[in-house]
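Structure file upload-v5.pdb with PDB, C-alpha atoms, pLDDT in the B column:
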```
ATOM      1  CA  MET V  68       0.000   0.000   0.000  1.00 48.00           C
ATOM      2  CA  SER V  69       1.441   3.313  -1.070  1.00 50.00           C
ATOM      3  CA  ILE V  70       1.018   6.416   1.068  1.00 51.00           C
ATOM      4  CA  GLN V  71       1.144   8.557  -2.086  1.00 54.00           C
ATOM      5  CA  TRP V  72      -2.539   7.967  -2.852  1.00 48.00           C
ATOM      6  CA  ILE V  73      -3.804   7.885   0.744  1.00 49.00           C
ATOM      7  CA  LEU V  74      -2.997  11.507   1.629  1.00 45.00           C
ATOM      8  CA  PRO V  75      -4.726  13.108  -1.398  1.00 48.00           C
ATOM      9  CA  ALA V  76      -7.720  10.813  -0.955  1.00 46.00           C
ATOM     10  CA  LEU V  77      -7.964  11.701   2.746  1.00 43.00           C
ATOM     11  CA  ALA V  78      -7.706  15.431   1.960  1.00 45.00           C
ATOM     12  CA  ALA V  79     -10.459  15.142  -0.655  1.00 45.00           C
ATOM     13  CA  LEU V  80     -12.662  13.216   1.773  1.00 42.00           C
ATOM     14  CA  LEU V  81     -12.199  15.832   4.492  1.00 43.00           C
ATOM     15  CA  TYR V  82     -13.006  18.713   2.119  1.00 44.00           C
ATOM     16  CA  THR V  83     -16.007  17.137   0.432  1.00 41.00           C
ATOM     17  CA  GLY V  84     -17.472  15.656   3.592  1.00 40.00           C
ATOM     18  CA  THR V  85     -20.585  17.134   5.119  1.00 40.00           C
ATOM     19  CA  SER V  86     -21.150  20.734   4.125  1.00 42.00           C
ATOM     20  CA  ALA V  87     -23.216  21.672   7.149  1.00 43.00           C
ATOM     21  CA  LEU V  88     -21.920  21.100  10.641  1.00 44.00           C
ATOM     22  CA  ALA V  89     -24.310  19.850  13.266  1.00 37.00           C
ATOM     23  CA  ASP V  90     -25.729  22.581  15.480  1.00 40.00           C
ATOM     24  CA  SER V  91     -24.008  21.087  18.511  1.00 38.00           C
ATOM     25  CA  GLU V  92     -20.601  21.087  16.824  1.00 51.00           C
ATOM     26  CA  THR V  93     -18.437  24.042  17.733  1.00 56.00           C
ATOM     27  CA  ILE V  94     -16.722  26.037  15.028  1.00 54.00           C
ATOM     28  CA  PRO V  95     -13.153  26.856  16.030  1.00 52.00           C
ATOM     29  CA  ASP V  96     -12.036  30.485  16.155  1.00 59.00           C
ATOM     30  CA  GLY V  97     -11.093  31.753  12.753  1.00 69.00           C
ATOM     31  CA  ASP V  98     -12.357  33.582   9.732  1.00 87.00           C
ATOM     32  CA  ILE V  99     -15.934  32.948   8.616  1.00 94.00           C
ATOM     33  CA  TYR V 100     -16.966  34.108   5.151  1.00 96.00           C
ATOM     34  CA  ILE V 101     -19.748  33.714   2.654  1.00 97.00           C
ATOM     35  CA  ILE V 102     -17.820  32.539  -0.394  1.00 96.00           C
ATOM     36  CA  SER V 103     -18.953  32.448  -3.997  1.00 96.00           C
ATOM     37  CA  ARG V 104     -17.619  29.748  -6.318  1.00 96.00           C
ATOM     38  CA  ASP V 105     -18.318  28.993  -9.962  1.00 94.00           C
ATOM     39  CA  ASP V 106     -19.295  25.648 -11.522  1.00 92.00           C
ATOM     40  CA  ALA V 107     -15.660  24.498 -11.445  1.00 93.00           C
ATOM     41  CA  ASP V 108     -15.514  25.290  -7.676  1.00 91.00           C
ATOM     42  CA  MET V 109     -13.174  28.217  -8.375  1.00 94.00           C
ATOM     43  CA  PHE V 110     -13.263  31.184  -5.995  1.00 94.00           C
ATOM     44  CA  ARG V 111     -15.266  34.159  -7.326  1.00 95.00           C
ATOM     45  CA  GLY V 112     -15.583  36.432  -4.278  1.00 95.00           C
ATOM     46  CA  SER V 113     -16.353  36.618  -0.579  1.00 96.00           C
ATOM     47  CA  HIS V 114     -17.839  38.677   2.238  1.00 96.00           C
ATOM     48  CA  ARG V 115     -16.845  38.296   5.865  1.00 95.00           C
ATOM     49  CA  ILE V 116     -19.537  37.495   8.404  1.00 95.00           C
ATOM     50  CA  TYR V 117     -19.186  37.888  12.146  1.00 94.00           C
ATOM     51  CA  SER V 118     -20.120  36.057  15.308  1.00 91.00           C
ATOM     52  CA  ARG V 119     -20.406  39.277  17.366  1.00 92.00           C
ATOM     53  CA  LYS V 120     -22.612  42.350  17.085  1.00 93.00           C
ATOM     54  CA  SER V 121     -21.075  45.579  15.833  1.00 91.00           C
ATOM     55  CA  ASP V 122     -22.234  48.882  14.361  1.00 90.00           C
ATOM     56  CA  GLY V 123     -23.669  48.553  10.867  1.00 88.00           C
ATOM     57  CA  LEU V 124     -24.361  44.817  11.161  1.00 93.00           C
ATOM     58  CA  VAL V 125     -27.698  43.014  11.272  1.00 93.00           C
ATOM     59  CA  GLU V 126     -28.313  39.678  12.994  1.00 96.00           C
ATOM     60  CA  VAL V 127     -29.278  36.754  10.758  1.00 96.00           C
ATOM     61  CA  THR V 128     -29.470  32.985  11.170  1.00 96.00           C
ATOM     62  CA  TYR V 129     -27.795  30.558   8.783  1.00 96.00           C
ATOM     63  CA  CYS V 130     -28.164  26.797   9.350  1.00 96.00           C
ATOM     64  CA  GLY V 131     -29.514  27.449  12.829  1.00 95.00           C
ATOM     65  CA  ARG V 132     -26.577  29.593  13.966  1.00 95.00           C
ATOM     66  CA  PRO V 133     -26.664  33.361  14.583  1.00 95.00           C
ATOM     67  CA  TYR V 134     -24.306  35.594  12.603  1.00 96.00           C
ATOM     68  CA  TYR V 135     -23.954  39.333  12.030  1.00 96.00           C
ATOM     69  CA  VAL V 136     -23.639  40.636   8.483  1.00 95.00           C
ATOM     70  CA  ARG V 137     -23.827  43.855   6.501  1.00 95.00           C
ATOM     71  CA  TYR V 138     -26.912  44.475   4.390  1.00 94.00           C
ATOM     72  CA  ALA V 139     -24.597  44.580   1.380  1.00 95.00           C
ATOM     73  CA  THR V 140     -23.529  40.999   2.097  1.00 96.00           C
ATOM     74  CA  ILE V 141     -27.091  39.736   1.826  1.00 96.00           C
ATOM     75  CA  ALA V 142     -27.579  41.705  -1.405  1.00 96.00           C
ATOM     76  CA  TRP V 143     -24.291  40.305  -2.749  1.00 96.00           C
ATOM     77  CA  THR V 144     -25.374  36.692  -2.121  1.00 97.00           C
ATOM     78  CA  GLN V 145     -28.534  37.312  -4.137  1.00 96.00           C
ATOM     79  CA  LEU V 146     -26.540  38.801  -7.020  1.00 96.00           C
ATOM     80  CA  GLU V 147     -24.018  35.949  -7.012  1.00 96.00           C
ATOM     81  CA  VAL V 148     -26.797  33.387  -7.328  1.00 96.00           C
ATOM     82  CA  GLU V 149     -28.296  35.407 -10.211  1.00 95.00           C
ATOM     83  CA  GLN V 150     -24.915  34.964 -11.932  1.00 95.00           C
ATOM     84  CA  GLU V 151     -25.255  31.192 -11.371  1.00 95.00           C
ATOM     85  CA  ASN V 152     -22.474  30.985  -8.798  1.00 96.00           C
ATOM     86  CA  VAL V 153     -22.757  28.824  -5.688  1.00 96.00           C
ATOM     87  CA  VAL V 154     -22.554  30.598  -2.336  1.00 97.00           C
ATOM     88  CA  ARG V 155     -21.975  28.942   0.999  1.00 96.00           C
ATOM     89  CA  ILE V 156     -20.581  29.783   4.400  1.00 97.00           C
ATOM     90  CA  GLU V 157     -17.044  28.554   4.917  1.00 95.00           C
ATOM     91  CA  HIS V 158     -14.500  28.963   7.684  1.00 92.00           C
ATOM     92  CA  ASN V 159     -10.736  28.788   7.898  1.00 87.00           C
ATOM     93  CA  TRP V 160      -8.765  28.383  11.080  1.00 78.00           C
ATOM     94  CA  GLY V 161      -5.418  27.738   9.432  1.00 80.00           C
ATOM     95  CA  LYS V 162      -6.230  24.349   7.927  1.00 79.00           C
ATOM     96  CA  GLY V 163      -7.911  25.429   4.697  1.00 86.00           C
ATOM     97  CA  TRP V 164     -11.437  26.459   3.822  1.00 89.00           C
ATOM     98  CA  ARG V 165     -14.217  24.173   5.057  1.00 91.00           C
ATOM     99  CA  PRO V 166     -17.909  24.546   4.155  1.00 93.00           C
ATOM    100  CA  ILE V 167     -20.243  24.879   7.140  1.00 94.00           C
ATOM    101  CA  CYS V 168     -23.559  25.966   5.595  1.00 96.00           C
ATOM    102  CA  ASP V 169     -25.066  25.632   2.115  1.00 96.00           C
ATOM    103  CA  HIS V 170     -27.417  28.055   0.359  1.00 96.00           C
ATOM    104  CA  PRO V 171     -27.362  31.083   2.676  1.00 96.00           C
ATOM    105  CA  GLU V 172     -29.140  33.045  -0.078  1.00 95.00           C
ATOM    106  CA  GLN V 173     -32.233  30.872   0.471  1.00 96.00           C
ATOM    107  CA  GLN V 174     -32.150  31.336   4.254  1.00 97.00           C
ATOM    108  CA  VAL V 175     -31.974  35.154   4.455  1.00 96.00           C
ATOM    109  CA  THR V 176     -32.999  37.646   1.773  1.00 95.00           C
ATOM    110  CA  LEU V 177     -33.393  41.404   1.706  1.00 94.00           C
ATOM    111  CA  VAL V 178     -37.176  40.956   1.708  1.00 93.00           C
ATOM    112  CA  ASP V 179     -36.866  38.968   4.959  1.00 93.00           C
ATOM    113  CA  LEU V 180     -35.291  42.097   6.465  1.00 91.00           C
ATOM    114  CA  GLY V 181     -38.051  44.362   5.140  1.00 90.00           C
ATOM    115  CA  ILE V 182     -35.984  45.756   2.261  1.00 91.00           C
ATOM    116  CA  ASN V 183     -37.692  45.818  -1.129  1.00 90.00           C
ATOM    117  CA  GLU V 184     -34.938  47.628  -3.028  1.00 92.00           C
ATOM    118  CA  ASP V 185     -32.833  46.230  -5.825  1.00 93.00           C
ATOM    119  CA  PRO V 186     -29.803  44.367  -4.412  1.00 94.00           C
ATOM    120  CA  ARG V 187     -27.468  46.483  -6.581  1.00 93.00           C
ATOM    121  CA  ILE V 188     -28.682  49.662  -4.858  1.00 92.00           C
ATOM    122  CA  VAL V 189     -28.319  48.096  -1.422  1.00 92.00           C
ATOM    123  CA  MET V 190     -24.748  47.031  -2.244  1.00 90.00           C
ATOM    124  CA  HIS V 191     -23.865  50.479  -3.580  1.00 88.00           C
ATOM    125  CA  ASN V 192     -25.212  52.193  -0.449  1.00 87.00           C
ATOM    126  CA  ASN V 193     -24.066  49.437   1.932  1.00 80.00           C
ATOM    127  CA  GLY V 194     -27.630  49.257   3.175  1.00 82.00           C
ATOM    128  CA  PRO V 195     -31.131  50.398   2.345  1.00 82.00           C
ATOM    129  CA  THR V 196     -31.499  53.937   1.096  1.00 76.00           C
ATOM    130  CA  VAL V 197     -32.917  56.391   3.555  1.00 61.00           C
ATOM    131  CA  SER V 198     -34.077  59.887   2.899  1.00 50.00           C
ATOM    132  CA  LYS V 199     -31.055  61.931   3.838  1.00 48.00           C
ATOM    133  CA  VAL V 200     -31.731  65.246   5.514  1.00 50.00           C
ATOM    134  CA  ASN V 201     -29.732  68.267   4.517  1.00 56.00           C
ATOM    135  CA  ARG V 202     -28.482  69.658   7.812  1.00 59.00           C
ATOM    136  CA  PHE V 203     -28.730  73.294   6.749  1.00 62.00           C
ATOM    137  CA  ALA V 204     -32.249  72.832   5.369  1.00 64.00           C
ATOM    138  CA  ALA V 205     -33.290  71.340   8.710  1.00 64.00           C
ATOM    139  CA  ILE V 206     -31.809  74.296  10.608  1.00 67.00           C
ATOM    140  CA  ARG V 207     -33.493  76.802   8.277  1.00 70.00           C
ATOM    141  CA  LYS V 208     -36.825  75.015   8.654  1.00 67.00           C
ATOM    142  CA  SER V 209     -36.578  75.127  12.457  1.00 68.00           C
ATOM    143  CA  PHE V 210     -36.402  78.947  12.340  1.00 70.00           C
ATOM    144  CA  SER V 211     -39.166  79.463   9.790  1.00 67.00           C
ATOM    145  CA  THR V 212     -42.667  80.335  10.897  1.00 62.00           C
ATOM    146  CA  VAL V 213     -45.454  77.879  10.482  1.00 61.00           C
ATOM    147  CA  SER V 214     -48.387  78.988   8.351  1.00 56.00           C
ATOM    148  CA  GLY V 215     -50.833  80.792  10.568  1.00 54.00           C
ATOM    149  CA  ASP V 216     -48.151  81.570  13.144  1.00 55.00           C
ATOM    150  CA  ARG V 217     -48.103  85.274  13.933  1.00 58.00           C
ATOM    151  CA  ALA V 218     -44.730  85.375  15.589  1.00 56.00           C
ATOM    152  CA  ALA V 219     -43.245  88.834  16.007  1.00 56.00           C
ATOM    153  CA  ARG V 220     -40.210  89.550  13.838  1.00 61.00           C
ATOM    154  CA  SER V 221     -38.538  91.400  16.648  1.00 58.00           C
ATOM    155  CA  TYR V 222     -39.213  92.827  20.056  1.00 55.00           C
ATOM    156  CA  HIS V 223     -40.166  96.193  18.523  1.00 57.00           C
ATOM    157  CA  ASP V 224     -42.919  94.722  16.325  1.00 55.00           C
ATOM    158  CA  LYS V 225     -45.116  93.957  19.354  1.00 54.00           C
TER     159      LYS V 225
END
```
Show me, as structure tokens, the structure contained in the file I just sent.
Amino acid sequence: MSIQWILPALAALLYTGTSALADSETIPDGDIYIISRDDADMFRGSHRIYSRKSDGLVEVTYCGRPYYVRYATIAWTQLEVEQENVVRIEHNWGKGWRPICDHPEQQVTLVDLGINEDPRIVMHNNGPTVSKVNRFAAIRKSFSTVSGDRAARSYHDK
């Protein structure tokens, strides 16, 4: 028996094993990303996802586990699937990339978060668009009189 064929076969078995870890299994510390791959399993792009809350992140659940992501990440997964790429959650703790959750784009969408905008717009703005208030217009409006208000222009007008 030659060891030359055992090591590559073992590596292939470890990589192509189960793509979703059991809920009770702990994921070691390391980088967790949503990764896009083409039909030939070649890397196309990625977005980092987090296990802790931070500003600008929204909580989602993939394969029964809570994560925190940017709105743009959810929009990106939708766009990658439109381009016929495969997206899945993978982690790396120094031993190569391992899949931990398939089809995150089916588990959380922008609509699930109450966002009905085009994913391209959400990606461009890194979130849903909101009506932005011009600071100076808001200040000017606070000093203007309301219709029907008979405020004196100065002390001497009384």
Worksheet item: Rounded to one decimal in Å, what is the spacing between CA of Ile101 in chain V and CA of Val154 in chain V?
Response: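 Rounded to one decimal, the two atoms are 6.5 Å apart.
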Worksheet item: Counting only C-alpha atoms, which of V:Phe210, V:Trp143, V:Tyr134, V:Trp164 gets nearest to Arg187 in chain V?
Response: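 Checking each of V:Phe210, V:Trp143, V:Tyr134, V:Trp164 against Arg187 in chain V, counting only C-alpha atoms, the winner is V:Trp143.
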Item to complete: Could you please determine the separation between CA of Ile167 in chain V and CA of Tyr100 in chain V in Å, to one decimal place?
Response: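 Between these atoms lies a distance of 10.0 Å.
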Name every residue that the PyMOL selection byres ((chain V and resi 102-107) around 8) selects in this structure, writing the answer as a tab-separated table (two decimals) with C-alpha atoms, in the coordinates of the input with chains first and numbers rising.
```tsv
chain	number	residue	atom	x	y	z
V	100	TYR	CA	-16.97	34.11	5.15
V	101	ILE	CA	-19.75	33.71	2.65
V	108	ASP	CA	-15.51	25.29	-7.68
V	109	MET	CA	-13.17	28.22	-8.38
V	110	PHE	CA	-13.26	31.18	-6.00
V	111	ARG	CA	-15.27	34.16	-7.33
V	112	GLY	CA	-15.58	36.43	-4.28
V	113	SER	CA	-16.35	36.62	-0.58
V	114	HIS	CA	-17.84	38.68	2.24
V	144	THR	CA	-25.37	36.69	-2.12
V	147	GLU	CA	-24.02	35.95	-7.01
V	151	GLU	CA	-25.26	31.19	-11.37
V	152	ASN	CA	-22.47	30.98	-8.80
V	153	VAL	CA	-22.76	28.82	-5.69
V	154	VAL	CA	-22.55	30.60	-2.34
V	155	ARG	CA	-21.98	28.94	1.00
V	156	ILE	CA	-20.58	29.78	4.40
V	157	GLU	CA	-17.04	28.55	4.92
```
Practice prompt. Could you give me, as an MDAnalysis selection string, the residues within 10 Å of range 118-130 of chain V, counting only C-alpha atoms and dropping anything in the same chain fewer than 6 positions from it?
Written response: chainID V and resid 87:90 96 98:99 136:141 155:156 167:176 179:180 193:194
